[in-house]
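First up is the structure itself, then whatever we jot down about it.
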Amino acid sequence: MEISLQGPKQKEFFLTNNFGDRYLHSLNHNSLNQTGATLLQQSRFDRHCATKNTLFIVIGTDSGTLLSFLASKTIASGSQFILLEPSIIYQIINEEYSSLNLPENIVFAPSEEFQVISESVGINRYFYAGEVIIAKSLAAEYGFLTDYHELFFNIQNLCTQQQWLVNVHLKGQAFIHAQLENLADNIVPSTILKDSFTGKTAVLLAGGPSLDDVLPWAIANRGSLVILAVSRICRRLLEVNLAPDFIFSIDPHRLSFDVSVEMLRFWKESIFIHGYHVSPLLLGQWRGRSIFLGNRFPWETELNKPSLPMAGPTVSNMALSVATEMGFSCIVLAGLDLCHSKDGYTHALGSNERIAGPQLCATSRQVVTNGGWMAETTSDFLSAINIIGIQSQHALQKNTKLINPAKGAAKIDNILHAPLEEIVLSVLHEKPIDIINIIYPDISEETRKRDLHAVTDELSKARKKIIQIEKLTKEALHCNDGLFGRKGKKQNFKYKRKMDNIENKLNTIFSSYTTFLKKYAAHELLQITKLGMNYDDLTDKEIEESANIYYKNYNKAAKVLISKIDHSINKIHVRTEEYSTDTDINGLALQWEKDEQPGRAYIWLDRCNFTAQDIPAEKIEVLQKSIKLYEKQFVKTLTSPHMKRSVAFASLQGLRGKLLLYFKNLNGESLKNIQHSLEKHENPQARKYFHLCSGLIAELDENIDLALEQYQFLLDEQDEILREDVLQRIATICLAKNDHKNSLVTLEALSKISPSYVIHYGDLLRLTGQSQKALTTYLDYLEKVPQNTMVMLKVGNYFRELNIKEGAKGMYEHVLLLEPDNQAAKQLLLELDSFTTH
């Protein structure tokens, strides 16, 4: 007789807890039984229901209880939910909740239909707004069903790549804000770097774990290498006293500054190469020379100069793109792993990610490494790998050899893997700084002031045009009210002609700026698509609504950009004032503090050539305050936003599901990597997962005694979920060994955790000749799960075997009461009269 503990079943039955919640044990175990589903879903999803204009993609439905909860809520304007279940689970839950009428903004679907469903709800509109959130049900978070783990990361990977593609075309508002703020400091365009280092060898230092293996080699061969570094590793480079020749940064967000601030220490030795939208907190406090990529202005103007290409999504992609254009004959890639190390680390020593600990739960995506083993990776790393594959083809065409010496790095076509000792280097005959001194323009104070004046003129010109656009869009809103006779206006078709005239002006006279404005406001303007109809099918009210959305957001974008331009003009004025030794230092310091750029104090001192003795007494106190604020930026705390995020990524929550997924897929190699990391993990919770992982590995290695030994450590574990897992594994092992004694003990313990194990326990009691106890066990189960007709038939047959005909008849008749067309029950009733026990 075969007893299987694996689920989910094709015909699994719902259990009912003390709160009246119906749930599937294979999905939720006892997770809904402490507070009840309503309170639990309220704590997890109430805030989502109140969030406007957002698409929530939820993995799992907690046995359908989340469907009931959401159906009872009012979903905020513009928001939608897509709830996904693996196909077999979807069928069971959909049947149970067939009478539940979900509103249009809540879609329940099998995971295989995600792409079709996401397109039908207009997912790109949410991507443009950056408002797609992927959430987990409690069942998916715990990973009772291992399919959830894989489903979550498949959906996350699809969405991450699509979001990045959208961002490439759209350029978010944060990028434009940074671009306008950087106008005063984006001075030298990147084309000066073209083929400037032909024939030389560079090492590109990125933040992956293999960086630590390459640093000693880079230091030892400093005289033969041009050293390129991404900004986030500068903390580590300070620790090993290695100043790079070039530092790269691209991201406009605050987190980028938090992890890169140490680069400001290298202002004397390094050249800063950055995207036009780099964090103003970095660029504005950089005391050295800098070179920018991309357009200086976000609209068409003669002040936009040609640029080297700027690849994404990561700063490493950008750095590699620029390095290839610089003409290096060979680029050694260090720390460009784009996957996890064997012990789960994503970044090198010195990084917040390394301090926070290994990421053991974050992903189940895997890539082949240079060493031939499989390594985990993330969605953004996968995007970077794909783009580096394209970049490597371009490098090959330019006769640039790319070498990655790390065995643990992701294997990428056209990138050679070779040990460091096999890389042949020749001494540089020119120092990188000497080459830069030749190609970098000499920018005098007068030249700089003229440039700032030209930028101010361009901004003032744009400001005037955008003010006119703001007035036209305001007038269009007025006309739209009159077109349909709203807000007390008499309906008049003349407003249609006026609106057409306004739109014509916007698209001709102001076209350079309207194109830019529409891109800036794209995510708001895309609200129009929510109508989901052809224009010819729209009602008057819908046409009016779409026009209102269009012109209101157009108008709002114009107002915001006028404010941003004013800020930029003011900043340029401050930059001009910084050239004066007699300036109002109090006013400058206040602006530096407001801009969060207190390091400008050093730039002012450098520019004025002041020594400590030269500084006027009245200025010293003000400057000291700015310098104190500047130095405070380098103080690292465990409460910084990036560190908090790193700690969250290093959480062990969800590891249990991942371990069981790898076990299910017979992936012993990945389990051993996690085991190695858990063995030295600092989190106290790691020990229990170490024993579970070790037991699973031992099972795969067919070392059953060792597996049982590891599982024994967890039998007294307070974590009921983990204890249930271990009891399942022990029961499975004992059943396979025909160890009926220990199988019965384990199955009895499991049956006390959930009724879903009771049938297995009864079957084994029956198999071992304990007939009466088996029968009692079956009947106890049917009291708790009275709808399980399959078990009723089984109990009826067992009654028949025991020659208890009335019991058998009662069971078959009860089956027919629940399922009148059940042919098996009908046949068994017919046979019952002629049946005699042999």
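Each chain in the structure tokens gets a letter, A, B and so on, in the order shown; residues start at 1 in every chain, and ligands are counted from 1 in the order they appear.
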- Item | Residues within 7 Å of A:Asp343, only C-alpha atoms, excluding chain neighbours under 2 positions, as an NGL selection string | :A and (341 or 345 or 358 or 673-674 or 676-677)
- Can you list, as a ChimeraX atom specification, every protein, DNA or RNA residue that comes within 8 Å of A:Tyr513 when you count only C-alpha atoms, leaving out same-chain residues fewer than 3 positions away? /A:299-300,462,465-466,510,516-517
- Task: Find the spatial neighbours of A:Gly654, counting only C-alpha atoms, within a cut-off of 10 Å - ignore same-chain residues fewer than 3 positions away - and output them as a list of chain:residue names.
- Result: A:Ala140, A:Glu141, A:Tyr142, A:Gly143, A:Phe144, A:His149, A:Leu360, A:Cys361, A:Ala362, A:Ser651, A:Gly657, A:Lys658, A:Leu659
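Between atom CA of A:Glu150 and atom CA of A:Asp701 the separation is 23.9 Å.
Within 9 Å of A:Leu793, once only C-alpha atoms are used and residues closer than 5 positions along the same chain are dropped, the contacting residues are A:Tyr798, A:Ala808, A:Met811, A:Tyr812, A:Val815, A:Ala824, A:Ala825, A:Leu828.
In this comparison, which uses only C-alpha atoms, the residue of A:Asn17, A:Gln770, A:Asn105, A:Thr74 approaching A:Leu55 most closely is A:Asn105.
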- Message: Using only C-alpha atoms, can you tell me which of A:Glu819, A:Glu806, A:Asp213, A:Asp584 comes closest to A:Trp604?
- Response: A:Asp584
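When the distance limit is 8 Å and only C-alpha atoms are what count, the residues near A:Phe690, minus those fewer than 6 positions from it on the same chain, are A:Gln675, A:Leu678, A:Glu679.
Near A:Ala206, within 10 Å and counting only C-alpha atoms, sit Val203, Pro209, Ser210, Leu211, Leu228, Ala229, Val230, Ser231, Arg232, Ile233, Cys234, Phe248, Val315, Ser316, Ala319, Leu333, Ala334, Gly335, Leu336, Asp337, Leu338, His347 and Ala348 of chain A, not including residues fewer than 3 positions from it in the same chain.
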Mind writing the picked residues with C-alpha atoms as a PDB file, in the first residue's frame?
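Result file is out-v8.pdb:
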```pdb
ATOM      1  CA  VAL A 203      40.510  47.189 -15.198  1.00  0.00           C
ATOM      2  CA  PRO A 209      31.910  39.633  -4.654  1.00  0.00           C
ATOM      3  CA  SER A 210      34.887  38.846  -6.936  1.00  0.00           C
ATOM      4  CA  LEU A 211      36.167  42.418  -6.540  1.00  0.00           C
ATOM      5  CA  LEU A 228      37.970  52.522 -13.751  1.00  0.00           C
ATOM      6  CA  ALA A 229      35.608  52.202 -10.790  1.00  0.00           C
ATOM      7  CA  VAL A 230      31.876  52.429 -10.201  1.00  0.00           C
ATOM      8  CA  SER A 231      31.111  54.986  -7.490  1.00  0.00           C
ATOM      9  CA  ARG A 232      29.575  52.564  -4.988  1.00  0.00           C
ATOM     10  CA  ILE A 233      32.880  50.741  -4.349  1.00  0.00           C
ATOM     11  CA  CYS A 234      34.827  53.837  -3.329  1.00  0.00           C
ATOM     12  CA  PHE A 248      31.417  56.342 -12.836  1.00  0.00           C
ATOM     13  CA  VAL A 315      26.374  51.849 -13.779  1.00  0.00           C
ATOM     14  CA  SER A 316      28.563  48.911 -14.840  1.00  0.00           C
ATOM     15  CA  ALA A 319      31.124  52.254 -17.535  1.00  0.00           C
ATOM     16  CA  LEU A 333      36.255  43.051 -15.528  1.00  0.00           C
ATOM     17  CA  ALA A 334      36.518  42.836 -11.733  1.00  0.00           C
ATOM     18  CA  GLY A 335      33.489  42.487  -9.513  1.00  0.00           C
ATOM     19  CA  LEU A 336      31.216  42.297 -12.550  1.00  0.00           C
ATOM     20  CA  ASP A 337      29.723  39.031 -11.330  1.00  0.00           C
ATOM     21  CA  LEU A 338      26.039  39.823 -11.921  1.00  0.00           C
ATOM     22  CA  HIS A 347      28.465  42.551  -3.259  1.00  0.00           C
ATOM     23  CA  ALA A 348      32.075  42.915  -2.148  1.00  0.00           C
TER      24      ALA A 348
END
```
- Near A:Gln397, within 12 Å and counting only C-alpha atoms, which residues show up once chain neighbours fewer than 4 positions away are dropped, as a ChimeraX atom specification? /A:324-325,327,329,390-393,401-402,414
Keeping only N, CA, C and O atoms, write the selected residues as a PDB file, in the first residue's frame.
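What ended up in out.pdb:
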```pdb
ATOM      1  N   THR A 324      34.739  51.121 -23.669  1.00  0.00           N
ATOM      2  CA  THR A 324      34.913  50.620 -25.043  1.00  0.00           C
ATOM      3  C   THR A 324      35.158  51.779 -26.006  1.00  0.00           C
ATOM      4  O   THR A 324      36.020  51.690 -26.881  1.00  0.00           O
ATOM      5  N   GLU A 325      34.421  52.883 -25.835  1.00  0.00           N
ATOM      6  CA  GLU A 325      34.600  54.056 -26.698  1.00  0.00           C
ATOM      7  C   GLU A 325      35.928  54.750 -26.442  1.00  0.00           C
ATOM      8  O   GLU A 325      36.446  55.446 -27.323  1.00  0.00           O
ATOM      9  N   GLY A 327      38.671  53.331 -26.261  1.00  0.00           N
ATOM     10  CA  GLY A 327      39.655  52.710 -27.142  1.00  0.00           C
ATOM     11  C   GLY A 327      40.580  51.704 -26.504  1.00  0.00           C
ATOM     12  O   GLY A 327      41.567  51.283 -27.133  1.00  0.00           O
ATOM     13  N   SER A 329      42.445  48.450 -25.563  1.00  0.00           N
ATOM     14  CA  SER A 329      42.587  47.187 -26.303  1.00  0.00           C
ATOM     15  C   SER A 329      42.133  46.009 -25.460  1.00  0.00           C
ATOM     16  O   SER A 329      41.749  44.965 -25.977  1.00  0.00           O
ATOM     17  N   ILE A 390      25.211  42.245 -25.496  1.00  0.00           N
ATOM     18  CA  ILE A 390      25.196  43.092 -26.695  1.00  0.00           C
ATOM     19  C   ILE A 390      26.432  43.984 -26.729  1.00  0.00           C
ATOM     20  O   ILE A 390      27.077  44.156 -27.771  1.00  0.00           O
ATOM     21  N   GLN A 391      26.810  44.543 -25.569  1.00  0.00           N
ATOM     22  CA  GLN A 391      27.989  45.406 -25.500  1.00  0.00           C
ATOM     23  C   GLN A 391      29.266  44.648 -25.859  1.00  0.00           C
ATOM     24  O   GLN A 391      30.177  45.210 -26.474  1.00  0.00           O
ATOM     25  N   SER A 392      29.320  43.390 -25.468  1.00  0.00           N
ATOM     26  CA  SER A 392      30.527  42.605 -25.758  1.00  0.00           C
ATOM     27  C   SER A 392      30.706  42.390 -27.260  1.00  0.00           C
ATOM     28  O   SER A 392      31.831  42.313 -27.757  1.00  0.00           O
ATOM     29  N   GLN A 393      29.582  42.296 -27.985  1.00  0.00           N
ATOM     30  CA  GLN A 393      29.667  42.191 -29.454  1.00  0.00           C
ATOM     31  C   GLN A 393      30.244  43.467 -30.049  1.00  0.00           C
ATOM     32  O   GLN A 393      31.074  43.433 -30.962  1.00  0.00           O
ATOM     33  N   LYS A 401      39.316  43.516 -26.262  1.00  0.00           N
ATOM     34  CA  LYS A 401      39.172  42.213 -25.606  1.00  0.00           C
ATOM     35  C   LYS A 401      38.613  42.421 -24.203  1.00  0.00           C
ATOM     36  O   LYS A 401      39.125  43.248 -23.440  1.00  0.00           O
ATOM     37  N   LEU A 402      37.566  41.674 -23.859  1.00  0.00           N
ATOM     38  CA  LEU A 402      36.991  41.715 -22.518  1.00  0.00           C
ATOM     39  C   LEU A 402      37.345  40.430 -21.786  1.00  0.00           C
ATOM     40  O   LEU A 402      37.136  39.328 -22.311  1.00  0.00           O
ATOM     41  N   ASN A 414      31.355  36.220 -25.711  1.00  0.00           N
ATOM     42  CA  ASN A 414      32.378  37.185 -26.162  1.00  0.00           C
ATOM     43  C   ASN A 414      33.188  37.797 -25.022  1.00  0.00           C
ATOM     44  O   ASN A 414      33.978  38.716 -25.250  1.00  0.00           O
TER      45      ASN A 414
END
```
- Message: as a ChimeraX atom specification, please: every residue in stretch 162-390 of chain A that DSSP puts in alpha helix (DSSP H).
- Response: /A:162-170,173-181,211-220,234-239,254-260,280-283,315-325,352-356,379-390
Given the selection you just returned, output its residues as a file containing C-alpha atoms, formatted as a CSV table (one decimal), in the first residue's frame.
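Produced file result.csv, reproduced below:
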```csv
chain,number,residue,atom,x,y,z
A,162,GLN,CA,9.4,45.6,-18.7
A,163,GLN,CA,9.6,48.4,-16.2
A,164,TRP,CA,13.3,49.1,-17.2
A,165,LEU,CA,12.4,49.1,-20.9
A,166,VAL,CA,9.6,51.6,-20.2
A,167,ASN,CA,12.0,53.8,-18.2
A,168,VAL,CA,14.5,53.8,-21.1
A,169,HIS,CA,11.9,55.2,-23.4
A,170,LEU,CA,10.2,57.5,-20.9
A,173,GLN,CA,10.5,62.7,-13.8
A,174,ALA,CA,13.4,62.1,-11.3
A,175,PHE,CA,15.8,62.0,-14.2
A,176,ILE,CA,14.5,65.3,-15.6
A,177,HIS,CA,14.6,67.0,-12.2
A,178,ALA,CA,18.2,65.9,-11.8
A,179,GLN,CA,19.0,67.0,-15.4
A,180,LEU,CA,17.7,70.5,-14.7
A,181,GLU,CA,19.5,70.7,-11.3
A,211,LEU,CA,36.2,42.4,-6.5
A,212,ASP,CA,38.0,41.3,-3.4
A,213,ASP,CA,39.9,38.7,-5.3
A,214,VAL,CA,41.1,41.2,-8.0
A,215,LEU,CA,42.0,44.2,-5.8
A,216,PRO,CA,45.5,42.8,-4.7
A,217,TRP,CA,46.3,42.1,-8.4
A,218,ALA,CA,45.1,45.6,-9.4
A,219,ILE,CA,47.2,47.2,-6.7
A,220,ALA,CA,50.3,45.2,-7.6
A,234,CYS,CA,34.8,53.8,-3.3
A,235,ARG,CA,34.4,53.0,0.4
A,236,ARG,CA,36.2,49.8,-0.3
A,237,LEU,CA,38.9,51.5,-2.4
A,238,LEU,CA,39.6,53.9,0.5
A,239,GLU,CA,40.1,50.9,2.8
A,254,ARG,CA,19.2,59.5,-3.0
A,255,LEU,CA,20.2,55.9,-2.4
A,256,SER,CA,22.9,56.3,-5.0
A,257,PHE,CA,24.4,59.1,-3.1
A,258,ASP,CA,24.2,57.2,0.2
A,259,VAL,CA,26.3,54.3,-1.2
A,260,SER,CA,28.7,56.5,-3.2
A,280,PRO,CA,23.1,66.3,-7.8
A,281,LEU,CA,24.3,65.5,-4.3
A,282,LEU,CA,27.4,63.9,-5.8
A,283,LEU,CA,28.0,66.2,-8.8
A,315,VAL,CA,26.4,51.8,-13.8
A,316,SER,CA,28.6,48.9,-14.8
A,317,ASN,CA,26.8,48.9,-18.2
A,318,MET,CA,27.5,52.6,-18.6
A,319,ALA,CA,31.1,52.3,-17.5
A,320,LEU,CA,31.7,49.4,-20.0
A,321,SER,CA,30.1,51.3,-22.8
A,322,VAL,CA,32.3,54.4,-22.2
A,323,ALA,CA,35.5,52.3,-21.7
A,324,THR,CA,34.9,50.6,-25.0
A,325,GLU,CA,34.6,54.1,-26.7
A,352,ASN,CA,26.0,47.7,3.0
A,353,GLU,CA,24.8,44.6,1.3
A,354,ARG,CA,27.9,42.7,2.6
A,355,ILE,CA,27.4,44.1,6.1
A,356,ALA,CA,23.7,43.1,6.1
A,379,SER,CA,16.0,40.5,-12.3
A,380,ASP,CA,18.1,43.7,-12.7
A,381,PHE,CA,21.3,41.6,-13.0
A,382,LEU,CA,19.6,39.5,-15.7
A,383,SER,CA,18.8,42.7,-17.6
A,384,ALA,CA,22.4,43.8,-17.2
A,385,ILE,CA,23.7,40.4,-18.4
A,386,ASN,CA,21.6,40.6,-21.6
A,387,ILE,CA,22.8,44.2,-22.3
A,388,ILE,CA,26.5,43.3,-21.6
A,389,GLY,CA,26.1,40.5,-24.1
A,390,ILE,CA,25.2,43.1,-26.7
```
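Considering the residues A:Gly208, A:Leu303, A:Arg687, A:Tyr440 and counting only C-alpha atoms, A:His340 has its shortest atom-to-atom contact with A:Gly208.
Candidate residues A:Ile187, A:Leu428, A:Leu151, A:Ile92 were compared for distance to A:Lys305, and the nearest is A:Ile187, using only C-alpha atoms.
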- Task: Would you mind reading off the distance between atom CA of A:Phe14 and atom CA of A:Gly64, one decimal, in Å?
- Result: 10.5 Å
